[in-house]
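Asks: Below are the structure tokens for one structure; questions will follow.
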Amino acid sequence: MQMAPRIRKAALALHICSSVGWIGAAFAYLALAVAAQVSEQASTVYSAWIGMELIGWVVIVPLGCLAFLTGLLMSLGTSWGLVRHYWVLIALVLTTLALGVLLLHMPTVTQTVGLASTMSEAEAVTLGGDIVHPSVGIGILVFVAVLNIYKPRGQTGLAQHKRPDPAR
Amino acid sequence: MNDAQSEAQSKPPGRYTRHLASIPRWVKVFVVVAATLLLLVVVAMLIAGGQHGPSRHQSAPSISESAAASPHAIDAGLGDVC
């Protein structure tokens with residue numbers, strides 16, 4: 001199944017915007033996580049966790065889902081294929097992993113906000129931030145973005161002889 | 001030793017060996033690095049005692065109790081957004 005050029009370009013634009021937006025939103029989440037980690041004011045820690053929850057559910061999760069779906073569309077609707085090239089396959093695996101961890105992690109963030117609201121100020125200060133998840137996520141997403149830009153050579157051997165190598 | 005080497009070289013490579021040789025170097029490097037990082041994450045989680053959630057931040061009230069008692073968790077209702 002090959003997409004018409006107009007649809008392909010629209011899907012590509014949507015894929016790039018959602019993917020880059022996902023990375024940017026993850027950086028915003030990380031900034032709040034760092035603020036929650038280093039702050040000694042309970043109000044700052046609590047506000048940062050509320051912000052992380054908001055950004056997570058309202059921005060990061062939709063952008064992540066959109067990037068994943070448009071990525072699937074782009075690979076299936078073009079001659080790149082889903083499993084034909086190593087870079088596409090690795091990007092798919094990493095994006096699935098990142099989205100899966102995100103969807104599993106966000107309820108935990110919501111629970112933490114609930115937990116923070118019941119804490120005293122002294123307890124809330126010790127809550128800390130959530131630095132590891134966004135940091136690892138950003139690393140994975142940037143790596144996937146680099147793969148998408150460079151498109152390193154190498155075919156998996158799956159459906160290798162069915163179609164010619166797409167134009168790079 | 002030379003005989004053994006020449007014998008090994010004269011053997012036609014198996015299907016698996018040929019497939020392995022055709023994998024680009026960058027993919028092999030990626031797999032090794034990813035497996036190492038994954039192993040490190042698993043070890044770090046085991047060392048941390050398997051605690052992975054909001055409970056690791058605070059040991060005070062249980063999560064379900066506090067989340068249920070939290071007006072913010074109910075009022076926000078952000079879990080329904082997506």
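Order determines the names: the first chain of the structure tokens is A, the second B, and so forth; residues in each chain are numbered 1 upward, and ligands are numbered 1 upward as they are shown.
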Could you give me, as number ranges by chain, the residues within 10 Å of A:Ala13, counting only C-alpha atoms and dropping anything in the same chain fewer than 6 positions from it?
Replies: A: 7, 19, 70
Asks: Could you name the residues that touch stretch 139-156 of chain A at 8 Å or less, counting only C-alpha atoms, but leaving out those on the same chain fewer than 3 positions away, as a JSON list (two decimals) with N, CA, C and O atoms, in the first residue's frame?
Replies:
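Written file, out.json:
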[["chain", "number", "residue", "atom", "x", "y", "z"],
["A", 19, "SER", "N", 6.49, 14.19, 16.89],
["A", 19, "SER", "CA", 7.71, 13.61, 17.46],
["A", 19, "SER", "C", 8.57, 14.68, 18.14],
["A", 19, "SER", "O", 9.02, 14.49, 19.28],
["A", 23, "ILE", "N", 9.41, 15.38, 22.24],
["A", 23, "ILE", "CA", 10.72, 15.62, 22.85],
["A", 23, "ILE", "C", 10.70, 16.93, 23.64],
["A", 23, "ILE", "O", 11.17, 16.99, 24.78],
["A", 83, "VAL", "N", 9.29, -3.60, 8.83],
["A", 83, "VAL", "CA", 10.38, -4.45, 9.35],
["A", 83, "VAL", "C", 11.46, -4.68, 8.29],
["A", 83, "VAL", "O", 12.32, -5.54, 8.47],
["A", 84, "ARG", "N", 11.41, -3.95, 7.21],
["A", 84, "ARG", "CA", 12.36, -4.21, 6.13],
["A", 84, "ARG", "C", 13.75, -3.64, 6.42],
["A", 84, "ARG", "O", 14.76, -4.26, 6.12],
["A", 85, "HIS", "N", 13.78, -2.45, 7.02],
["A", 85, "HIS", "CA", 15.06, -1.79, 7.30],
["A", 85, "HIS", "C", 15.34, -1.78, 8.80],
["A", 85, "HIS", "O", 14.42, -1.58, 9.60],
["A", 86, "TYR", "N", 16.60, -2.00, 9.14],
["A", 86, "TYR", "CA", 16.96, -2.05, 10.56],
["A", 86, "TYR", "C", 16.59, -0.76, 11.29],
["A", 86, "TYR", "O", 16.10, -0.79, 12.40],
["A", 87, "TRP", "N", 16.83, 0.38, 10.64],
["A", 87, "TRP", "CA", 16.60, 1.65, 11.35],
["A", 87, "TRP", "C", 15.12, 1.85, 11.66],
["A", 87, "TRP", "O", 14.76, 2.36, 12.72],
["A", 88, "VAL", "N", 14.25, 1.41, 10.73],
["A", 88, "VAL", "CA", 12.81, 1.54, 10.96],
["A", 88, "VAL", "C", 12.39, 0.59, 12.10],
["A", 88, "VAL", "O", 11.64, 0.97, 13.00],
["A", 91, "ALA", "N", 13.66, 1.90, 15.40],
["A", 91, "ALA", "CA", 12.86, 3.08, 15.79],
["A", 91, "ALA", "C", 11.49, 2.65, 16.30],
["A", 91, "ALA", "O", 10.98, 3.19, 17.29],
["A", 94, "LEU", "N", 11.93, 1.04, 19.85],
["A", 94, "LEU", "CA", 12.24, 2.04, 20.87],
["A", 94, "LEU", "C", 11.04, 2.95, 21.16],
["A", 94, "LEU", "O", 10.77, 3.31, 22.31],
["A", 95, "THR", "N", 10.33, 3.34, 20.09],
["A", 95, "THR", "CA", 9.15, 4.20, 20.29],
["A", 95, "THR", "C", 8.07, 3.45, 21.06],
["A", 95, "THR", "O", 7.42, 4.02, 21.96],
["A", 98, "ALA", "N", 9.18, 3.36, 24.66],
["A", 98, "ALA", "CA", 9.03, 4.66, 25.31],
["A", 98, "ALA", "C", 7.56, 4.96, 25.60],
["A", 98, "ALA", "O", 7.20, 5.42, 26.70],
["A", 135, "SER", "N", 14.57, 11.68, 31.60],
["A", 135, "SER", "CA", 15.93, 11.69, 31.05],
["A", 135, "SER", "C", 16.14, 10.51, 30.10],
["A", 135, "SER", "O", 16.64, 10.69, 28.97],
["A", 136, "VAL", "N", 15.76, 9.32, 30.55],
["A", 136, "VAL", "CA", 15.91, 8.13, 29.70],
["A", 136, "VAL", "C", 15.01, 8.26, 28.47],
["A", 136, "VAL", "O", 15.42, 7.95, 27.34],
["A", 160, "GLN", "N", 13.00, -8.58, 1.62],
["A", 160, "GLN", "CA", 14.11, -7.82, 1.05],
["A", 160, "GLN", "C", 14.03, -7.72, -0.48],
["A", 160, "GLN", "O", 14.40, -6.72, -1.06],
["A", 168, "ARG", "N", 16.59, 7.58, -1.02],
["A", 168, "ARG", "CA", 17.05, 8.09, 0.27],
["A", 168, "ARG", "C", 17.01, 9.61, 0.28],
["A", 168, "ARG", "O", 17.19, 10.24, -0.67],
["B", 23, "ILE", "N", 24.58, -8.42, 8.85],
["B", 23, "ILE", "CA", 24.02, -7.38, 9.73],
["B", 23, "ILE", "C", 25.02, -6.22, 9.81],
["B", 23, "ILE", "O", 26.21, -6.44, 10.07],
["B", 24, "PRO", "N", 24.58, -5.00, 9.57],
["B", 24, "PRO", "CA", 25.51, -3.86, 9.62],
["B", 24, "PRO", "C", 26.15, -3.70, 11.00],
["B", 24, "PRO", "O", 25.55, -4.06, 12.01]]
Asks: Calculate how many Å separate atom CA of A:Ala10 from atom CA of A:Met74, rounding to one decimal.
Replies: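 Value for the atom CA of A:Ala10-atom CA of A:Met74 distance: 10.1 Å.
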Asks: Please, which residues in chain A fall within 9 Å of chain B when counting only C-alpha atoms, and what is the closest atom pair and distance in Å to one decimal for each, ordered by chain then residue number, as JSON lines?
Replies:
{"residue": "A:Glu53", "atom": "CA", "partner": "B:Leu78", "partner_atom": "CA", "distance": 7.9}
{"residue": "A:Leu54", "atom": "CA", "partner": "B:Leu78", "partner_atom": "CA", "distance": 7.3}
{"residue": "A:Trp57", "atom": "CA", "partner": "B:Cys82", "partner_atom": "CA", "distance": 6.7}
{"residue": "A:Val58", "atom": "CA", "partner": "B:Val81", "partner_atom": "CA", "distance": 6.8}
{"residue": "A:Val61", "atom": "CA", "partner": "B:Cys82", "partner_atom": "CA", "distance": 7.4}
{"residue": "A:Pro62", "atom": "CA", "partner": "B:Cys82", "partner_atom": "CA", "distance": 7.1}
{"residue": "A:Tyr86", "atom": "CA", "partner": "B:Val27", "partner_atom": "CA", "distance": 7.3}
{"residue": "A:Trp87", "atom": "CA", "partner": "B:Val27", "partner_atom": "CA", "distance": 8.4}
{"residue": "A:Ile90", "atom": "CA", "partner": "B:Val27", "partner_atom": "CA", "distance": 8.8}
{"residue": "A:His105", "atom": "CA", "partner": "B:Gly53", "partner_atom": "CA", "distance": 8.2}
{"residue": "A:Met106", "atom": "CA", "partner": "B:Gly79", "partner_atom": "CA", "distance": 8.6}
{"residue": "A:Pro107", "atom": "CA", "partner": "B:Gly79", "partner_atom": "CA", "distance": 7.4}
{"residue": "A:Thr108", "atom": "CA", "partner": "B:Gly53", "partner_atom": "CA", "distance": 5.9}
{"residue": "A:Val109", "atom": "CA", "partner": "B:Pro54", "partner_atom": "CA", "distance": 7.3}
{"residue": "A:Thr110", "atom": "CA", "partner": "B:Ala73", "partner_atom": "CA", "distance": 7.0}
{"residue": "A:Gln111", "atom": "CA", "partner": "B:Ala67", "partner_atom": "CA", "distance": 6.0}
{"residue": "A:Thr112", "atom": "CA", "partner": "B:Pro54", "partner_atom": "CA", "distance": 5.1}
{"residue": "A:Val113", "atom": "CA", "partner": "B:Ala73", "partner_atom": "CA", "distance": 7.0}
{"residue": "A:Gly114", "atom": "CA", "partner": "B:Ala67", "partner_atom": "CA", "distance": 4.6}
{"residue": "A:Leu115", "atom": "CA", "partner": "B:Ser66", "partner_atom": "CA", "distance": 5.4}
{"residue": "A:Ala116", "atom": "CA", "partner": "B:Ser66", "partner_atom": "CA", "distance": 8.6}
{"residue": "A:Ser117", "atom": "CA", "partner": "B:Ser70", "partner_atom": "CA", "distance": 6.2}
{"residue": "A:Thr118", "atom": "CA", "partner": "B:Ser66", "partner_atom": "CA", "distance": 6.3}
{"residue": "A:Met119", "atom": "CA", "partner": "B:Ala60", "partner_atom": "CA", "distance": 8.5}
{"residue": "A:Glu123", "atom": "CA", "partner": "B:Gln58", "partner_atom": "CA", "distance": 7.8}
{"residue": "A:Ala124", "atom": "CA", "partner": "B:Gln58", "partner_atom": "CA", "distance": 8.8}
{"residue": "A:Thr126", "atom": "CA", "partner": "B:His57", "partner_atom": "CA", "distance": 7.5}
{"residue": "A:Leu127", "atom": "CA", "partner": "B:His57", "partner_atom": "CA", "distance": 5.2}
{"residue": "A:Gly128", "atom": "CA", "partner": "B:His57", "partner_atom": "CA", "distance": 6.9}
{"residue": "A:Gly129", "atom": "CA", "partner": "B:His57", "partner_atom": "CA", "distance": 8.7}
{"residue": "A:Pro152", "atom": "CA", "partner": "B:Trp26", "partner_atom": "CA", "distance": 8.3}
{"residue": "A:Arg153", "atom": "CA", "partner": "B:Pro24", "partner_atom": "CA", "distance": 7.6}
{"residue": "A:Gly154", "atom": "CA", "partner": "B:Pro24", "partner_atom": "CA", "distance": 5.9}
{"residue": "A:Gln155", "atom": "CA", "partner": "B:Ile23", "partner_atom": "CA", "distance": 7.9}
{"residue": "A:Thr156", "atom": "CA", "partner": "B:Ile23", "partner_atom": "CA", "distance": 7.6}
{"residue": "A:Gly157", "atom": "CA", "partner": "B:His19", "partner_atom": "CA", "distance": 8.5}
Asks: Mind the document's chain letters and residue numbers, and return as a PyMOL selection string the residues of stretch 19-137 of chain A that DSSP labels alpha helix (DSSP H).
Replies: chain A and resi 19-38+42-54+61-76+86-117+121-125+132-137
Asks: Considering only C-alpha atoms, can you say which of A:Leu69, A:Leu92, A:Cys17, A:Val34 comes closest to A:His133?
Replies: A:Val34
Asks: Between atom CA of A:Met3 and atom CA of A:Leu66, what distance in Å does the model show, to one decimal?
Replies: 18.1 Å
Asks: Suppose you want the space between atom CA of A:Gly24 and atom CA of A:Leu82; what is it in Å?
Replies: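 Separating atom CA of A:Gly24 from atom CA of A:Leu82 is a distance of 25.8 Å.
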Asks: Using only C-alpha atoms, which protein or nucleic acid residues come within 9 Å of stretch 26-33 of chain A? Drop anything in the same chain fewer than 5 positions from it, and give the result as an MDAnalysis selection string.
Replies: chainID A and resid 21 38 45 47:49 51:53 55:56 60 128:135 137:138
